[in-house]
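See below for the structure under consideration.
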Amino acid sequence: MSTPLIRRPESNGASVQAAPVMTAEPAEYALPSVRTMGAQASAVLGLLTGLWVALSPWFITLQQSGTNANTVNLISGLAVAAVGAFALVSPRGFAGLQIGSALLGVWLIIAGPILSQKNPITDAMYWSNSWAGGVLIALAAIGLATVAVRRPVRR
């Protein structure tokens with residue numbers, strides 16, 4: 001690939017020199033940084049956690065009677081997976097996505113006791129959702145840390 005040249009006149013009136021123009025390489029050719037890879041790993045793990053929450057009613061028994069736990073897990077899991085997918089395809093991490101993911105993690109932790117008021121919830125749902133919620137909160141904290149480090153401080 002040839003480098004474009006521009007002509008720069010000398011200040012003392014001497015002959016004209018040719019100087020190469022430095023062009024920035026497109027972003028797709030740059031190697032990913034550790035922060036970018038960490039944000040992508042966090043988004044992928046969040047996406048997988050959301051898929052587990054959405055699909056867990058087909059693998060474990062959440063409730064002995066009623067279907068409100070299945071519905072809550074399906075909706076919550078799809079919301080978490082959507083947040084993870086959006087964070088994965090976004091060019092940079094958004095703090096709002098990480099906060100939303102953390103709130104969904106808190107919801108997964110407190111959903112069991114709330115849902116058990118109407119129909120009893122099994123221990124498997126408590127453990128599954130508590131672990132998934134804890135993972136989401138930890139991933140959101142990691143994601144918020146990478147977003148905070150990436151932004152320059154303005155004065």
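Chain labels run A, B, ... following the order of the structure tokens; each chain numbers its residues from 1, and ligands are numbered from 1 in the order shown.
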Open item on the list: Give me, as a VMD selection string, all polymer residues having an atom no more than 12 Å from Thr122 (chain A), counting only C-alpha atoms and skipping those fewer than 5 positions away in the same chain.
Closed with: chain A and resid 57 60 to 66 69 to 70 112 to 113 115 to 116 127 to 129
List as JSON lines every residue of region 26-125 of chain A that is in contact with region 130-148 of chain A, defined as an atom at most 12 Å from one of its atoms (using only C-alpha atoms), together with the nearest atom pair and the distance in Å rounded to one decimal, sorted by chain and then rising number.
{"residue": "A:Ser33", "atom": "CA", "partner": "A:Thr146", "partner_atom": "CA", "distance": 11.0}
{"residue": "A:Val34", "atom": "CA", "partner": "A:Thr146", "partner_atom": "CA", "distance": 9.5}
{"residue": "A:Arg35", "atom": "CA", "partner": "A:Thr146", "partner_atom": "CA", "distance": 5.9}
{"residue": "A:Thr36", "atom": "CA", "partner": "A:Thr146", "partner_atom": "CA", "distance": 8.0}
{"residue": "A:Met37", "atom": "CA", "partner": "A:Thr146", "partner_atom": "CA", "distance": 10.0}
{"residue": "A:Gly38", "atom": "CA", "partner": "A:Thr146", "partner_atom": "CA", "distance": 7.6}
{"residue": "A:Ala39", "atom": "CA", "partner": "A:Gly143", "partner_atom": "CA", "distance": 5.8}
{"residue": "A:Gln40", "atom": "CA", "partner": "A:Gly143", "partner_atom": "CA", "distance": 9.1}
{"residue": "A:Ala41", "atom": "CA", "partner": "A:Leu139", "partner_atom": "CA", "distance": 9.2}
{"residue": "A:Ser42", "atom": "CA", "partner": "A:Leu139", "partner_atom": "CA", "distance": 5.7}
{"residue": "A:Ala43", "atom": "CA", "partner": "A:Leu139", "partner_atom": "CA", "distance": 8.0}
{"residue": "A:Val44", "atom": "CA", "partner": "A:Leu139", "partner_atom": "CA", "distance": 10.0}
{"residue": "A:Leu45", "atom": "CA", "partner": "A:Leu139", "partner_atom": "CA", "distance": 7.8}
{"residue": "A:Gly46", "atom": "CA", "partner": "A:Leu136", "partner_atom": "CA", "distance": 6.2}
{"residue": "A:Leu47", "atom": "CA", "partner": "A:Leu136", "partner_atom": "CA", "distance": 9.6}
{"residue": "A:Leu48", "atom": "CA", "partner": "A:Ala132", "partner_atom": "CA", "distance": 10.0}
{"residue": "A:Thr49", "atom": "CA", "partner": "A:Ala132", "partner_atom": "CA", "distance": 6.2}
{"residue": "A:Gly50", "atom": "CA", "partner": "A:Ala132", "partner_atom": "CA", "distance": 8.1}
{"residue": "A:Leu51", "atom": "CA", "partner": "A:Ala132", "partner_atom": "CA", "distance": 10.4}
{"residue": "A:Trp52", "atom": "CA", "partner": "A:Ala132", "partner_atom": "CA", "distance": 8.2}
{"residue": "A:Val53", "atom": "CA", "partner": "A:Ala132", "partner_atom": "CA", "distance": 7.2}
{"residue": "A:Ala54", "atom": "CA", "partner": "A:Ala132", "partner_atom": "CA", "distance": 10.9}
{"residue": "A:Ser56", "atom": "CA", "partner": "A:Ala132", "partner_atom": "CA", "distance": 10.7}
{"residue": "A:Asn73", "atom": "CA", "partner": "A:Ala132", "partner_atom": "CA", "distance": 10.9}
{"residue": "A:Ser76", "atom": "CA", "partner": "A:Gly133", "partner_atom": "CA", "distance": 10.5}
{"residue": "A:Gly77", "atom": "CA", "partner": "A:Ala132", "partner_atom": "CA", "distance": 9.7}
{"residue": "A:Val80", "atom": "CA", "partner": "A:Leu136", "partner_atom": "CA", "distance": 8.6}
{"residue": "A:Ala81", "atom": "CA", "partner": "A:Leu136", "partner_atom": "CA", "distance": 10.8}
{"residue": "A:Val83", "atom": "CA", "partner": "A:Ala140", "partner_atom": "CA", "distance": 10.8}
{"residue": "A:Gly84", "atom": "CA", "partner": "A:Leu136", "partner_atom": "CA", "distance": 10.0}
{"residue": "A:Ala87", "atom": "CA", "partner": "A:Gly143", "partner_atom": "CA", "distance": 9.6}
{"residue": "A:Leu88", "atom": "CA", "partner": "A:Gly143", "partner_atom": "CA", "distance": 11.3}
{"residue": "A:Pro91", "atom": "CA", "partner": "A:Val147", "partner_atom": "CA", "distance": 11.8}
{"residue": "A:Arg92", "atom": "CA", "partner": "A:Val147", "partner_atom": "CA", "distance": 8.0}
{"residue": "A:Gly93", "atom": "CA", "partner": "A:Val147", "partner_atom": "CA", "distance": 5.9}
{"residue": "A:Phe94", "atom": "CA", "partner": "A:Val147", "partner_atom": "CA", "distance": 7.0}
{"residue": "A:Ala95", "atom": "CA", "partner": "A:Leu144", "partner_atom": "CA", "distance": 6.0}
{"residue": "A:Gly96", "atom": "CA", "partner": "A:Leu144", "partner_atom": "CA", "distance": 9.1}
{"residue": "A:Leu97", "atom": "CA", "partner": "A:Ala140", "partner_atom": "CA", "distance": 8.3}
{"residue": "A:Gln98", "atom": "CA", "partner": "A:Ala140", "partner_atom": "CA", "distance": 4.7}
{"residue": "A:Ile99", "atom": "CA", "partner": "A:Ala140", "partner_atom": "CA", "distance": 6.6}
{"residue": "A:Gly100", "atom": "CA", "partner": "A:Ala140", "partner_atom": "CA", "distance": 8.4}
{"residue": "A:Ser101", "atom": "CA", "partner": "A:Ala140", "partner_atom": "CA", "distance": 6.1}
{"residue": "A:Ala102", "atom": "CA", "partner": "A:Ile137", "partner_atom": "CA", "distance": 4.6}
{"residue": "A:Leu103", "atom": "CA", "partner": "A:Ile137", "partner_atom": "CA", "distance": 7.8}
{"residue": "A:Leu104", "atom": "CA", "partner": "A:Gly133", "partner_atom": "CA", "distance": 7.2}
{"residue": "A:Gly105", "atom": "CA", "partner": "A:Gly133", "partner_atom": "CA", "distance": 3.7}
{"residue": "A:Val106", "atom": "CA", "partner": "A:Gly133", "partner_atom": "CA", "distance": 5.9}
{"residue": "A:Trp107", "atom": "CA", "partner": "A:Gly133", "partner_atom": "CA", "distance": 7.4}
{"residue": "A:Leu108", "atom": "CA", "partner": "A:Gly133", "partner_atom": "CA", "distance": 5.2}
{"residue": "A:Ile109", "atom": "CA", "partner": "A:Ser130", "partner_atom": "CA", "distance": 4.7}
{"residue": "A:Ile110", "atom": "CA", "partner": "A:Ser130", "partner_atom": "CA", "distance": 8.1}
{"residue": "A:Ala111", "atom": "CA", "partner": "A:Ser130", "partner_atom": "CA", "distance": 9.2}
{"residue": "A:Gly112", "atom": "CA", "partner": "A:Ser130", "partner_atom": "CA", "distance": 8.6}
{"residue": "A:Pro113", "atom": "CA", "partner": "A:Ser130", "partner_atom": "CA", "distance": 10.9}
{"residue": "A:Asp123", "atom": "CA", "partner": "A:Ser130", "partner_atom": "CA", "distance": 10.4}
{"residue": "A:Ala124", "atom": "CA", "partner": "A:Ser130", "partner_atom": "CA", "distance": 9.8}
{"residue": "A:Met125", "atom": "CA", "partner": "A:Ser130", "partner_atom": "CA", "distance": 8.0}
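Going from CA of Asn68 (chain A) to CA of Ile114 (chain A) covers 10.8 Å.
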